[in-house]
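Q: You'll find my_file_0.pdb just under this line, and it carries PDB, C-alpha atoms and all ligand atoms.
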```pdb
MODEL        1
ATOM      1  CA  MET A   1      74.436 -16.518   3.681
ATOM      2  CA  TYR A   2      74.657 -12.701   3.776
ATOM      3  CA  ILE A   3      71.367 -11.044   2.895
ATOM      4  CA  LYS A   4      71.361  -7.416   1.795
ATOM      5  CA  ALA A   5      68.038  -5.836   2.759
ATOM      6  CA  LYS A   6      66.158  -4.197  -0.113
ATOM      7  CA  LYS A   7      64.676  -0.857   0.866
ATOM      8  CA  SER A   8      62.205  -0.950  -2.029
ATOM      9  CA  LEU A   9      60.575  -4.050  -0.521
ATOM     10  CA  GLY A  10      60.517  -2.618   3.002
ATOM     11  CA  GLN A  11      62.937  -5.235   4.282
ATOM     12  CA  ASN A  12      63.508  -4.753   8.006
ATOM     13  CA  PHE A  13      64.077  -8.147   9.528
ATOM     14  CA  LEU A  14      62.892  -8.930  13.052
ATOM     15  CA  ILE A  15      65.840 -10.038  15.165
ATOM     16  CA  ASP A  16      64.481  -9.670  18.706
ATOM     17  CA  ARG A  17      63.993 -13.142  20.166
ATOM     18  CA  GLU A  18      61.594 -11.981  22.862
ATOM     19  CA  VAL A  19      59.358 -10.305  20.299
ATOM     20  CA  LEU A  20      59.511 -13.313  17.955
ATOM     21  CA  GLU A  21      58.488 -15.624  20.817
ATOM     22  CA  LYS A  22      55.701 -13.272  21.839
ATOM     23  CA  ILE A  23      54.290 -13.158  18.292
ATOM     24  CA  VAL A  24      53.923 -16.924  17.965
ATOM     25  CA  SER A  25      52.397 -17.266  21.425
ATOM     26  CA  ILE A  26      49.480 -14.886  20.790
ATOM     27  CA  THR A  27      47.240 -17.647  19.442
ATOM     28  CA  ASN A  28      47.506 -21.406  19.467
ATOM     29  CA  ILE A  29      48.753 -22.524  16.041
ATOM     30  CA  THR A  30      49.773 -26.070  16.905
ATOM     31  CA  GLY A  31      48.134 -28.448  14.415
ATOM     32  CA  LYS A  32      46.651 -25.531  12.477
ATOM     33  CA  GLU A  33      47.281 -24.215   8.977
ATOM     34  CA  VAL A  34      49.267 -20.990   8.987
ATOM     35  CA  LEU A  35      49.996 -18.336   6.367
ATOM     36  CA  GLU A  36      52.971 -16.020   6.743
ATOM     37  CA  ILE A  37      53.228 -12.998   4.502
ATOM     38  CA  GLY A  38      56.603 -11.426   3.820
ATOM     39  CA  PRO A  39      58.703 -14.065   5.629
ATOM     40  CA  GLY A  40      61.929 -12.419   4.502
ATOM     41  CA  SER A  41      64.906 -14.513   5.539
ATOM     42  CA  GLY A  42      62.683 -16.719   7.700
ATOM     43  CA  ASN A  43      63.239 -15.361  11.216
ATOM     44  CA  LEU A  44      59.587 -15.517  12.275
ATOM     45  CA  THR A  45      59.109 -18.597  10.075
ATOM     46  CA  THR A  46      61.522 -20.531  12.323
ATOM     47  CA  TYR A  47      59.510 -19.587  15.413
ATOM     48  CA  ILE A  48      56.217 -20.500  13.732
ATOM     49  CA  MET A  49      57.628 -23.926  12.788
ATOM     50  CA  LYS A  50      58.603 -24.572  16.419
ATOM     51  CA  GLN A  51      54.887 -24.437  17.286
ATOM     52  CA  LYS A  52      54.269 -27.355  14.894
ATOM     53  CA  PRO A  53      51.515 -26.063  12.626
ATOM     54  CA  SER A  54      49.913 -28.720  10.394
ATOM     55  CA  LYS A  55      51.028 -26.694   7.370
ATOM     56  CA  LEU A  56      52.811 -23.392   6.743
ATOM     57  CA  TYR A  57      52.350 -21.370   3.557
ATOM     58  CA  VAL A  58      54.555 -18.348   3.009
ATOM     59  CA  VAL A  59      54.123 -15.603   0.398
ATOM     60  CA  GLU A  60      57.366 -13.776  -0.427
ATOM     61  CA  LYS A  61      57.732 -11.407  -3.377
ATOM     62  CA  ASP A  62      61.534 -11.243  -3.402
ATOM     63  CA  ASP A  63      62.950 -13.966  -5.702
ATOM     64  CA  ASP A  64      66.315 -13.999  -3.881
ATOM     65  CA  LEU A  65      64.667 -14.481  -0.503
ATOM     66  CA  ALA A  66      62.418 -17.201  -1.918
ATOM     67  CA  ILE A  67      65.643 -19.105  -2.750
ATOM     68  CA  VAL A  68      67.016 -18.480   0.757
ATOM     69  CA  LEU A  69      63.775 -19.833   2.240
ATOM     70  CA  LYS A  70      63.891 -22.907  -0.003
ATOM     71  CA  GLU A  71      67.457 -23.633   1.154
ATOM     72  CA  LYS A  72      66.561 -23.092   4.787
ATOM     73  CA  PHE A  73      63.236 -24.936   5.010
ATOM     74  CA  ASP A  74      63.208 -27.124   1.883
ATOM     75  CA  ASN A  75      59.900 -28.970   1.692
ATOM     76  CA  GLU A  76      58.837 -28.231   5.263
ATOM     77  CA  ILE A  77      56.934 -25.161   4.106
ATOM     78  CA  GLU A  78      55.055 -24.207   0.943
ATOM     79  CA  ILE A  79      56.680 -21.159  -0.636
ATOM     80  CA  ILE A  80      54.534 -18.966  -2.849
ATOM     81  CA  ASN A  81      56.997 -16.639  -4.606
ATOM     82  CA  ASP A  82      54.557 -13.879  -5.511
ATOM     83  CA  ASP A  83      53.149 -10.470  -4.651
ATOM     84  CA  ILE A  84      50.530 -10.820  -1.903
ATOM     85  CA  LEU A  85      48.434  -8.146  -3.610
ATOM     86  CA  LYS A  86      48.086 -10.498  -6.596
ATOM     87  CA  VAL A  87      47.358 -13.660  -4.617
ATOM     88  CA  SER A  88      43.739 -14.802  -4.151
ATOM     89  CA  GLU A  89      43.885 -15.130  -0.399
ATOM     90  CA  ASP A  90      40.799 -17.333  -0.143
ATOM     91  CA  LYS A  91      42.226 -19.887  -2.639
ATOM     92  CA  ILE A  92      45.389 -20.716  -0.683
ATOM     93  CA  SER A  93      43.749 -23.405   1.406
ATOM     94  CA  ASN A  94      40.297 -24.806   2.085
ATOM     95  CA  GLN A  95      40.970 -24.615   5.813
ATOM     96  CA  LYS A  96      40.777 -21.442   7.863
ATOM     97  CA  LEU A  97      44.246 -19.932   8.238
ATOM     98  CA  SER A  98      46.059 -18.215  11.079
ATOM     99  CA  VAL A  99      47.836 -15.343   9.368
ATOM    100  CA  PHE A 100      51.053 -13.575  10.322
ATOM    101  CA  GLY A 101      52.204 -10.559   8.378
ATOM    102  CA  ASN A 102      55.148  -8.275   8.783
ATOM    103  CA  LEU A 103      54.737  -6.400   5.542
ATOM    104  CA  PRO A 104      56.280  -3.209   4.236
ATOM    105  CA  TYR A 105      54.443  -0.315   5.850
ATOM    106  CA  ASN A 106      53.312   1.097   2.529
ATOM    107  CA  ILE A 107      51.250  -1.975   1.583
ATOM    108  CA  SER A 108      50.000  -3.165   4.983
ATOM    109  CA  THR A 109      46.893  -0.952   5.021
ATOM    110  CA  GLU A 110      46.214  -1.703   1.358
ATOM    111  CA  ILE A 111      46.228  -5.424   2.004
ATOM    112  CA  LEU A 112      44.079  -5.134   5.143
ATOM    113  CA  SER A 113      41.501  -3.010   3.271
ATOM    114  CA  LYS A 114      41.510  -5.411   0.322
ATOM    115  CA  TRP A 115      40.890  -8.389   2.581
ATOM    116  CA  ILE A 116      38.081  -6.752   4.544
ATOM    117  CA  LEU A 117      36.327  -5.556   1.395
ATOM    118  CA  ASN A 118      36.670  -8.999  -0.254
ATOM    119  CA  ILE A 119      35.312 -11.061   2.637
ATOM    120  CA  GLY A 120      31.800 -12.241   1.904
ATOM    121  CA  SER A 121      30.069 -13.954   4.779
ATOM    122  CA  ASN A 122      32.738 -16.670   4.967
ATOM    123  CA  PHE A 123      36.003 -15.737   6.592
ATOM    124  CA  TRP A 124      39.029 -17.500   5.062
ATOM    125  CA  PHE A 125      41.091 -16.864   8.207
ATOM    126  CA  GLU A 126      40.768 -17.638  11.886
ATOM    127  CA  ASN A 127      42.760 -14.577  12.891
ATOM    128  CA  LEU A 128      45.245 -12.054  11.530
ATOM    129  CA  ILE A 129      48.344 -10.962  13.408
ATOM    130  CA  LEU A 130      49.719  -8.008  11.504
ATOM    131  CA  MET A 131      52.452  -5.460  12.048
ATOM    132  CA  PHE A 132      51.876  -1.792  11.264
ATOM    133  CA  GLN A 133      53.639   1.470  11.653
ATOM    134  CA  LYS A 134      52.557   2.503  15.196
ATOM    135  CA  GLU A 135      50.849   5.639  13.981
ATOM    136  CA  VAL A 136      48.728   3.601  11.523
ATOM    137  CA  ALA A 137      47.905   0.966  14.168
ATOM    138  CA  ASP A 138      46.705   3.759  16.463
ATOM    139  CA  ARG A 139      44.384   4.969  13.718
ATOM    140  CA  ILE A 140      43.008   1.452  13.172
ATOM    141  CA  ILE A 141      42.152   0.920  16.850
ATOM    142  CA  SER A 142      40.969   4.442  17.628
ATOM    143  CA  LYS A 143      37.400   4.991  18.804
ATOM    144  CA  PHE A 144      34.985   7.665  17.644
ATOM    145  CA  ASN A 145      35.302  11.165  19.107
ATOM    146  CA  SER A 146      39.091  10.981  18.794
ATOM    147  CA  SER A 147      41.247  12.814  16.279
ATOM    148  CA  LYS A 148      42.782   9.558  14.969
ATOM    149  CA  TYR A 149      39.388   7.993  14.258
ATOM    150  CA  GLY A 150      38.632   7.665  10.577
ATOM    151  CA  ARG A 151      38.151   5.424   7.575
ATOM    152  CA  LEU A 152      40.552   2.718   8.715
ATOM    153  CA  SER A 153      38.904   2.387  12.141
ATOM    154  CA  ILE A 154      35.430   2.188  10.594
ATOM    155  CA  LEU A 155      36.451  -0.298   7.907
ATOM    156  CA  SER A 156      38.271  -2.569  10.387
ATOM    157  CA  SER A 157      35.511  -2.512  12.967
ATOM    158  CA  TRP A 158      32.949  -3.428  10.311
ATOM    159  CA  LYS A 159      33.927  -7.114  10.233
ATOM    160  CA  LEU A 160      36.741  -7.503  12.738
ATOM    161  CA  ASN A 161      37.509  -7.206  16.423
ATOM    162  CA  VAL A 162      40.883  -5.507  16.821
ATOM    163  CA  GLU A 163      43.300  -5.590  19.716
ATOM    164  CA  LYS A 164      46.772  -4.132  20.147
ATOM    165  CA  ILE A 165      49.281  -6.743  21.342
ATOM    166  CA  ILE A 166      52.554  -4.809  21.655
ATOM    167  CA  ASP A 167      54.502  -1.841  20.415
ATOM    168  CA  ILE A 168      57.867  -2.752  18.909
ATOM    169  CA  LYS A 169      60.914  -0.489  18.929
ATOM    170  CA  PRO A 170      63.216   0.050  15.911
ATOM    171  CA  GLN A 171      66.088  -1.801  17.659
ATOM    172  CA  SER A 172      64.126  -5.073  17.363
ATOM    173  CA  PHE A 173      64.782  -4.970  13.598
ATOM    174  CA  SER A 174      67.772  -5.077  11.291
ATOM    175  CA  PRO A 175      68.190  -2.704   9.559
ATOM    176  CA  ARG A 176      66.429  -0.408  12.025
ATOM    177  CA  PRO A 177      63.378   1.394  10.655
ATOM    178  CA  LYS A 178      62.967   5.073  11.542
ATOM    179  CA  ILE A 179      59.611   4.556  13.238
ATOM    180  CA  ASP A 180      57.960   2.473  15.977
ATOM    181  CA  SER A 181      55.773  -0.474  15.020
ATOM    182  CA  SER A 182      52.732  -2.097  16.609
ATOM    183  CA  LEU A 183      51.348  -5.579  16.362
ATOM    184  CA  LEU A 184      47.583  -5.976  16.051
ATOM    185  CA  LEU A 185      45.379  -9.058  16.409
ATOM    186  CA  PHE A 186      42.213  -9.176  14.292
ATOM    187  CA  THR A 187      39.480 -11.755  14.815
ATOM    188  CA  PRO A 188      36.285 -12.134  12.764
ATOM    189  CA  LYS A 189      33.075 -10.666  14.146
ATOM    190  CA  LYS A 190      30.259 -13.206  14.378
ATOM    191  CA  LYS A 191      27.675 -10.592  13.443
ATOM    192  CA  PHE A 192      28.262  -7.619  11.195
ATOM    193  CA  PHE A 193      26.184  -5.073   9.339
ATOM    194  CA  LYS A 194      25.072  -6.325   5.890
ATOM    195  CA  LEU A 195      25.763  -3.926   3.028
ATOM    196  CA  LYS A 196      24.900  -4.443  -0.662
ATOM    197  CA  ASP A 197      28.246  -3.255  -1.940
ATOM    198  CA  PRO A 198      31.313  -2.761   0.301
ATOM    199  CA  LYS A 199      32.580  -0.175  -2.208
ATOM    200  CA  ASN A 200      29.903   2.163  -0.839
ATOM    201  CA  LEU A 201      31.590   1.998   2.548
ATOM    202  CA  GLU A 202      34.813   3.182   0.946
ATOM    203  CA  LYS A 203      33.019   5.847  -1.066
ATOM    204  CA  ILE A 204      30.920   7.342   1.735
ATOM    205  CA  THR A 205      33.661   7.341   4.362
ATOM    206  CA  ARG A 206      36.003   8.958   1.831
ATOM    207  CA  ILE A 207      33.512  11.779   1.284
ATOM    208  CA  PHE A 208      33.046  12.307   5.041
ATOM    209  CA  PHE A 209      36.691  12.108   6.102
ATOM    210  CA  SER A 210      38.217  14.061   3.234
ATOM    211  CA  GLN A 211      36.749  17.062   5.058
ATOM    212  CA  ARG A 212      37.078  15.882   8.623
ATOM    213  CA  ARG A 213      37.160  19.361  10.142
ATOM    214  CA  LYS A 214      33.966  20.455   8.416
ATOM    215  CA  MET A 215      30.523  20.072   9.977
ATOM    216  CA  LEU A 216      28.435  17.095   8.893
ATOM    217  CA  LYS A 217      26.102  19.377   6.956
ATOM    218  CA  LYS A 218      28.477  19.436   3.991
ATOM    219  CA  PRO A 219      29.086  15.700   3.395
ATOM    220  CA  PHE A 220      25.419  14.946   4.156
ATOM    221  CA  ASN A 221      24.305  17.225   1.355
ATOM    222  CA  GLN A 222      26.901  15.727  -0.931
ATOM    223  CA  VAL A 223      25.793  12.139  -0.289
ATOM    224  CA  PHE A 224      22.024  12.577   0.017
ATOM    225  CA  ALA A 225      19.600  14.672  -2.056
ATOM    226  CA  ASN A 226      17.629  15.132   1.173
ATOM    227  CA  GLY A 227      20.487  15.384   3.691
ATOM    228  CA  ARG A 228      18.454  17.147   6.359
ATOM    229  CA  ASP A 229      15.682  14.487   6.310
ATOM    230  CA  VAL A 230      18.177  11.628   6.568
ATOM    231  CA  ALA A 231      19.919  13.335   9.493
ATOM    232  CA  GLU A 232      16.574  13.777  11.221
ATOM    233  CA  LYS A 233      15.604  10.142  10.624
ATOM    234  CA  PHE A 234      18.759   8.959  12.409
ATOM    235  CA  GLY A 235      18.769  11.719  15.031
ATOM    236  CA  ILE A 236      22.078  13.192  13.850
ATOM    237  CA  ASP A 237      23.098  16.764  14.667
ATOM    238  CA  LEU A 238      24.515  18.212  11.444
ATOM    239  CA  ASN A 239      26.715  20.620  13.387
ATOM    240  CA  LEU A 240      28.868  17.693  14.583
ATOM    241  CA  ARG A 241      32.031  16.561  12.733
ATOM    242  CA  PRO A 242      32.670  13.218  10.961
ATOM    243  CA  GLN A 243      34.740  11.912  13.903
ATOM    244  CA  ASN A 244      31.718  12.223  16.220
ATOM    245  CA  LEU A 245      29.702   9.467  14.506
ATOM    246  CA  GLU A 246      30.286   5.917  15.661
ATOM    247  CA  PRO A 247      30.932   3.139  13.101
ATOM    248  CA  GLU A 248      27.411   1.732  13.528
ATOM    249  CA  THR A 249      25.950   5.096  12.463
ATOM    250  CA  TYR A 250      28.096   5.082   9.330
ATOM    251  CA  PHE A 251      26.889   1.571   8.465
ATOM    252  CA  LYS A 252      23.262   2.700   8.859
ATOM    253  CA  LEU A 253      23.895   5.748   6.680
ATOM    254  CA  ILE A 254      25.546   3.629   3.994
ATOM    255  CA  LYS A 255      22.579   1.232   4.040
ATOM    256  CA  GLU A 256      20.222   4.223   3.726
ATOM    257  CA  TYR A 257      22.295   5.443   0.763
ATOM    258  CA  GLU A 258      22.011   2.012  -0.853
ATOM    259  CA  ASP A 259      18.255   1.765  -0.179
ATOM    260  CA  LEU A 260      17.576   5.230  -1.588
ATOM    261  CA  ARG A 261      19.482   4.348  -4.753
ATOM    262  CA  GLY A 262      17.408   1.162  -5.074
TER
HETATM  263  C1  LIG B   1      59.409  -5.962   7.010
HETATM  264  S1  LIG B   1      60.088  -7.331   6.097
HETATM  265  C2  LIG B   1      59.735  -8.634   7.221
HETATM  266  C3  LIG B   1      60.557  -9.873   7.083
HETATM  267  C4  LIG B   1      60.338 -10.980   8.116
HETATM  268  N1  LIG B   1      58.943 -11.254   8.347
HETATM  269  C5  LIG B   1      61.013 -10.655   9.418
HETATM  270  O1  LIG B   1      60.336 -10.210  10.338
HETATM  271  O2  LIG B   1      62.216 -10.830   9.539
HETATM  272  C6  LIG B   1      58.891  -7.441   4.806
HETATM  273  C7  LIG B   1      58.985  -8.652   3.900
HETATM  274  O3  LIG B   1      57.888  -8.621   2.963
HETATM  275  C8  LIG B   1      58.370  -8.891   1.633
HETATM  276  N2  LIG B   1      57.452  -8.225   0.702
HETATM  277  C9  LIG B   1      57.469  -6.918   0.342
HETATM  278  N3  LIG B   1      56.422  -6.655  -0.475
HETATM  279  C10 LIG B   1      55.747  -7.814  -0.620
HETATM  280  C11 LIG B   1      54.585  -8.185  -1.362
HETATM  281  N4  LIG B   1      53.926  -7.304  -2.086
HETATM  282  N5  LIG B   1      54.162  -9.467  -1.303
HETATM  283  C12 LIG B   1      54.846 -10.387  -0.557
HETATM  284  N6  LIG B   1      55.952 -10.089   0.149
HETATM  285  C13 LIG B   1      56.395  -8.829   0.117
HETATM  286  C14 LIG B   1      59.775  -8.323   1.642
HETATM  287  O4  LIG B   1      60.566  -8.879   0.626
HETATM  288  C15 LIG B   1      60.227  -8.700   3.064
HETATM  289  O5  LIG B   1      60.770  -9.990   3.082
ENDMDL
END
```
Any chance you could put this one into structure tokens?
A:
Amino acid sequence: MYIKAKKSLGQNFLIDREVLEKIVSITNITGKEVLEIGPGSGNLTTYIMKQKPSKLYVVEKDDDLAIVLKEKFDNEIEIINDDILKVSEDKISNQKLSVFGNLPYNISTEILSKWILNIGSNFWFENLILMFQKEVADRIISKFNSSKYGRLSILSSWKLNVEKIIDIKPQSFSPRPKIDSSLLLFTPKKKFFKLKDPKNLEKITRIFFSQRRKMLKKPFNQVFANGRDVAEKFGIDLNLRPQNLEPETYFKLIKEYEDLRG
């Protein structure tokens, strides 16, 4: 069946066999429950099935592709024809899932942020293998003191270990996207900083990084009534810039913000 890719849904289908094989060999999924997001016409789905997972759930928003998948895989997989942003990820299964996602670039960071902010102390997944625009992946994995370091790196490193697996060229897809992609592997951290409300992490990092070239003095005074005292307590030089503080320091500052607000 001929499938016309819909630009609005970011449909670039992976056609590179080597890359498809690589993706399913990153973790052992044999006998495990797997979730694939944005399966499209089922290219990666076929490779996942070859590994014999105990169950495969797929979430595909496109009604036409959901029909294609039903014809191709019938009852071998469970098709959830919905928008992943509307699905309660932790209700899909009561087992921990291995997740694969090759989502449109414009929603991949939104979904990652949503998942991290929603995780309580119980992770609903064993690992996430997600594709991003290379430039976004580089921001996620960047370390402090680098120009790419920012909110996404801090948020991801709060609860997850992140590792780049491969960069993928446009010619591995059909139709070809204009940009390079990267595949990242995320695994849950056993220990992470406890915060009262994850929204404060979003709020504080937004304040700091919306003025990333400014010295820390400015955001400190915006966040704290006594910015200078807080900086002194944590031994922070207010002449530094937001990119010079490591994630752990941000978590401590957010906790201080929460404690001061009671
Ligand atoms: C980049 S394509 C990847 C397709 C397939 N995984 C492959 O590699 O050949 C993105 C897929 O995500 C689907 N999609 C787009 N937005 C979605 C959403 N909000 N929820 C679920 N699926 C979505 C698209 O219809 C498309 O099938």
Q: I want to know what sits within 8 Å of Asn102 of chain A, based on all atoms listed in the file, with residues of the same chain fewer than 5 positions away left out; could you give that as a list in words?
A: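 Listed by chain and then number, they are Ile37, Gly38, Pro39, Leu130, Met131 and Phe132 of chain A.
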Q: Report as number ranges by chain all protein, DNA and RNA residues lying within 12 Å of Lys6 of chain A, evaluated on all atoms listed in the file, omitting residues in the same chain fewer than 6 positions from it.
A: A: 12-13, 40-41, 61-65, 104, 174-175
Q: Which of these, A:Asp16, A:Pro242, A:Asn127, A:Asn81, has the shortest distance to Ile29 of chain A once you count only C-alpha atoms?
A: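 Among A:Asp16, A:Pro242, A:Asn127, A:Asn81, it is A:Asn127 that comes nearest to Ile29 of chain A.
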Q: Quick one: everything within 7 Å of Leu97 of chain A, counting all atoms listed in the file, minus sequence neighbours fewer than 4 positions away in the same chain. Send it as a CSV table (one decimal) with C-alpha atoms, keeping the file's coordinate frame.
A:
```csv
chain,number,residue,atom,x,y,z
A,33,GLU,CA,47.3,-24.2,9.0
A,34,VAL,CA,49.3,-21.0,9.0
A,35,LEU,CA,50.0,-18.3,6.4
A,124,TRP,CA,39.0,-17.5,5.1
A,125,PHE,CA,41.1,-16.9,8.2
A,126,GLU,CA,40.8,-17.6,11.9
```
Q: From the list A:Ile67, A:Leu160, A:Val58, A:Lys96, which residue is nearest Ile80 of chain A when using only C-alpha atoms?
A: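 Of A:Ile67, A:Leu160, A:Val58, A:Lys96, the one nearest Ile80 of chain A is A:Val58, counting only C-alpha atoms.
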Q: What is the atom CA of Glu18 of chain A-atom CA of Val99 of chain A distance in Å, reported with one decimal?
A: 19.6 Å
Q: Determine the nearest neighbour of ligand LIG 1 (chain B) from the options A:Leu112, A:Lys55, A:Ile3, A:Phe173, counting all atoms listed in the file.
A: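 Ranking A:Leu112, A:Lys55, A:Ile3, A:Phe173 by distance to ligand LIG 1 (chain B), first place goes to A:Phe173.
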Q: Using only C-alpha atoms and all ligand atoms, which residue out of A:Leu128, A:Leu56, A:Leu238, A:Leu103 lies closest to ligand LIG 1 (chain B)?
A: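 Looking at the shortest contact to ligand LIG 1 (chain B), the residue is A:Leu103.
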Q: In terms of the shortest atom-to-atom distance over only C-alpha atoms, which of A:Arg261, A:Lys255, A:Lys4, A:Lys134 is closest to Pro198 of chain A?
A: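 Smallest distance to Pro198 of chain A is found for A:Lys255.
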Q: Let me make sure I understand: among A:Ser142, A:Ser156, A:Asn94, A:Thr187, which one has the smallest atom-to-atom distance to Ile111 of chain A if we use all atoms listed in the file?
A: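 Residue with the minimum atom-to-atom distance to Ile111 of chain A: A:Ser156.
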